[in-house]
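Participant: Following this message is one structure expressed as structure tokens.
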Amino acid sequence: PGQTRFVITESDKLFVERNGRKEQLLSETSEIFFRKGVEGRILFRYADSGKVDALIDRRNNEDVIWLKTK
């Protein structure tokens, strides 16, 4: 609660930013991403409409779900 994480595209690259720290998301598969030097994976959850409604940060078999606000 009270924290925000941004997903940004720059020059066809995908990044996540939190607290001013930006990290590139690298593709493991078309639906699973990772950050260099960080254990865990990033997945995007899709609503029935087909649009992304959340980012899932999966580490040590635990999911932290970041809900889309915009």
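Lettering and numbering for the structure tokens are positional, with chains as A, B, ... in the shown order, residues counted from 1 in each chain, and ligands counted from 1 in the shown order.
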If you count only C-alpha atoms, which residues fall within 10 Å of A:Val16, apart from same-chain ones fewer than 5 positions away, as a PyMOL selection string?
Facilitator: chain A and resi 5-9+21-25+35+42
Participant: Neighbouring residues of A:Trp66 were defined as those with any atom within 12 Å, considering only C-alpha atoms; residues of the same chain fewer than 2 positions away were excluded. Please report them as an mmCIF file with N, CA and C atoms, in the first residue's frame.
Facilitator:
```cif
data_model
loop_
_atom_site.group_PDB
_atom_site.id
_atom_site.type_symbol
_atom_site.label_atom_id
_atom_site.label_comp_id
_atom_site.auth_asym_id
_atom_site.auth_seq_id
_atom_site.Cartn_x
_atom_site.Cartn_y
_atom_site.Cartn_z
ATOM 1 N N PRO A 1 0.827 -1.207 0.000
ATOM 2 C CA PRO A 1 0.000 0.000 0.000
ATOM 3 C C PRO A 1 0.865 1.264 0.000
ATOM 4 N N GLY A 2 0.431 2.239 -0.763
ATOM 5 C CA GLY A 2 1.131 3.502 -0.795
ATOM 6 C C GLY A 2 2.357 3.530 -1.682
ATOM 7 N N GLN A 3 2.626 2.457 -2.405
ATOM 8 C CA GLN A 3 3.784 2.420 -3.292
ATOM 9 C C GLN A 3 3.309 2.348 -4.737
ATOM 10 N N THR A 4 4.099 2.923 -5.616
ATOM 11 C CA THR A 4 3.763 2.945 -7.039
ATOM 12 C C THR A 4 4.933 2.399 -7.840
ATOM 13 N N ARG A 5 4.601 1.637 -8.848
ATOM 14 C CA ARG A 5 5.606 1.112 -9.771
ATOM 15 C C ARG A 5 5.117 1.453 -11.171
ATOM 16 N N PHE A 6 5.998 1.996 -11.989
ATOM 17 C CA PHE A 6 5.648 2.393 -13.346
ATOM 18 C C PHE A 6 6.232 1.403 -14.343
ATOM 19 N N VAL A 7 5.494 1.135 -15.412
ATOM 20 C CA VAL A 7 5.988 0.338 -16.534
ATOM 21 C C VAL A 7 6.162 1.315 -17.691
ATOM 22 N N VAL A 16 10.700 -1.231 -15.676
ATOM 23 C CA VAL A 16 9.882 -0.949 -14.502
ATOM 24 C C VAL A 16 10.644 0.079 -13.680
ATOM 25 N N ARG A 18 10.553 2.181 -9.869
ATOM 26 C CA ARG A 18 10.003 2.318 -8.527
ATOM 27 C C ARG A 18 10.992 3.125 -7.699
ATOM 28 N N ILE A 42 8.652 -11.401 -13.631
ATOM 29 C CA ILE A 42 7.567 -10.432 -13.752
ATOM 30 C C ILE A 42 6.598 -10.968 -14.798
ATOM 31 N N LEU A 43 5.326 -10.997 -14.436
ATOM 32 C CA LEU A 43 4.281 -11.430 -15.357
ATOM 33 C C LEU A 43 3.222 -10.340 -15.407
ATOM 34 N N PHE A 44 2.511 -10.257 -16.508
ATOM 35 C CA PHE A 44 1.406 -9.317 -16.619
ATOM 36 C C PHE A 44 0.109 -10.111 -16.615
ATOM 37 N N ARG A 45 -0.853 -9.655 -15.804
ATOM 38 C CA ARG A 45 -2.157 -10.317 -15.721
ATOM 39 C C ARG A 45 -3.130 -9.570 -16.625
ATOM 40 N N VAL A 52 -4.121 -5.444 -19.909
ATOM 41 C CA VAL A 52 -3.373 -5.707 -18.677
ATOM 42 C C VAL A 52 -4.055 -4.990 -17.521
ATOM 43 N N ASP A 53 -4.286 -5.710 -16.418
ATOM 44 C CA ASP A 53 -4.869 -5.074 -15.236
ATOM 45 C C ASP A 53 -3.959 -5.157 -14.010
ATOM 46 N N ALA A 54 -2.834 -5.901 -14.130
ATOM 47 C CA ALA A 54 -1.920 -6.010 -12.988
ATOM 48 C C ALA A 54 -0.559 -6.520 -13.442
ATOM 49 N N LEU A 55 0.441 -6.190 -12.644
ATOM 50 C CA LEU A 55 1.794 -6.715 -12.809
ATOM 51 C C LEU A 55 2.029 -7.645 -11.625
ATOM 52 N N ILE A 56 2.533 -8.828 -11.888
ATOM 53 C CA ILE A 56 2.810 -9.798 -10.825
ATOM 54 C C ILE A 56 4.314 -9.938 -10.689
ATOM 55 N N ASP A 57 4.811 -9.648 -9.501
ATOM 56 C CA ASP A 57 6.236 -9.783 -9.181
ATOM 57 C C ASP A 57 6.375 -11.084 -8.395
ATOM 58 N N ARG A 58 6.901 -12.112 -9.043
ATOM 59 C CA ARG A 58 6.985 -13.451 -8.442
ATOM 60 C C ARG A 58 8.407 -13.727 -7.989
ATOM 61 N N ASP A 63 3.804 -14.258 -4.790
ATOM 62 C CA ASP A 63 3.422 -13.226 -5.742
ATOM 63 C C ASP A 63 3.081 -11.925 -5.029
ATOM 64 N N VAL A 64 3.658 -10.835 -5.521
ATOM 65 C CA VAL A 64 3.241 -9.498 -5.111
ATOM 66 C C VAL A 64 2.518 -8.922 -6.319
ATOM 67 N N LYS A 68 -3.049 -2.160 -11.804
ATOM 68 C CA LYS A 68 -2.952 -1.045 -12.748
ATOM 69 C C LYS A 68 -3.920 0.050 -12.311
ATOM 70 N N THR A 69 -3.445 1.294 -12.312
ATOM 71 C CA THR A 69 -4.297 2.410 -11.899
ATOM 72 C C THR A 69 -4.636 3.353 -13.040
#
```
Participant: Just the strand (DSSP E or B) stuff from stretch 23-63 of chain A, please, per backbone DSSP, written as number ranges by chain.
Facilitator: A: 23-27, 32-34, 41-46, 52-59, 62-63
Participant: For A:Glu39, list every protein, DNA or RNA residue within 9 Å, evaluated using only C-alpha atoms, and leave out those in the same chain fewer than 2 positions away; present the list as a list in words.
Facilitator: Phe34, Arg35, Lys36, Gly37, Arg41, Arg58, Arg59 and Asn60 of chain A
Participant: May I have the residues from that selection written out with C-alpha atoms, as a PDB file, in the first residue's frame?
Facilitator:
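Once written, part.pdb looks like this:
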```pdb
ATOM      1  CA  PHE A  34      13.084 -10.898 -15.589  1.00  0.00           C
ATOM      2  CA  ARG A  35      15.507  -8.230 -14.375  1.00  0.00           C
ATOM      3  CA  LYS A  36      19.254  -8.743 -14.687  1.00  0.00           C
ATOM      4  CA  GLY A  37      20.759  -9.762 -11.350  1.00  0.00           C
ATOM      5  CA  ARG A  41      10.005 -13.109 -12.610  1.00  0.00           C
ATOM      6  CA  ARG A  58       6.985 -13.451  -8.442  1.00  0.00           C
ATOM      7  CA  ARG A  59       9.870 -14.279  -6.084  1.00  0.00           C
ATOM      8  CA  ASN A  60      10.495 -17.383  -3.986  1.00  0.00           C
TER       9      ASN A  60
END
```
Participant: One decimal, Å: what's the distance from atom CA of A:Lys13 over to atom CA of A:Glu31, could you say?
Facilitator: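 We find that atom CA of A:Lys13 and atom CA of A:Glu31 lie 14.6 Å from each other.
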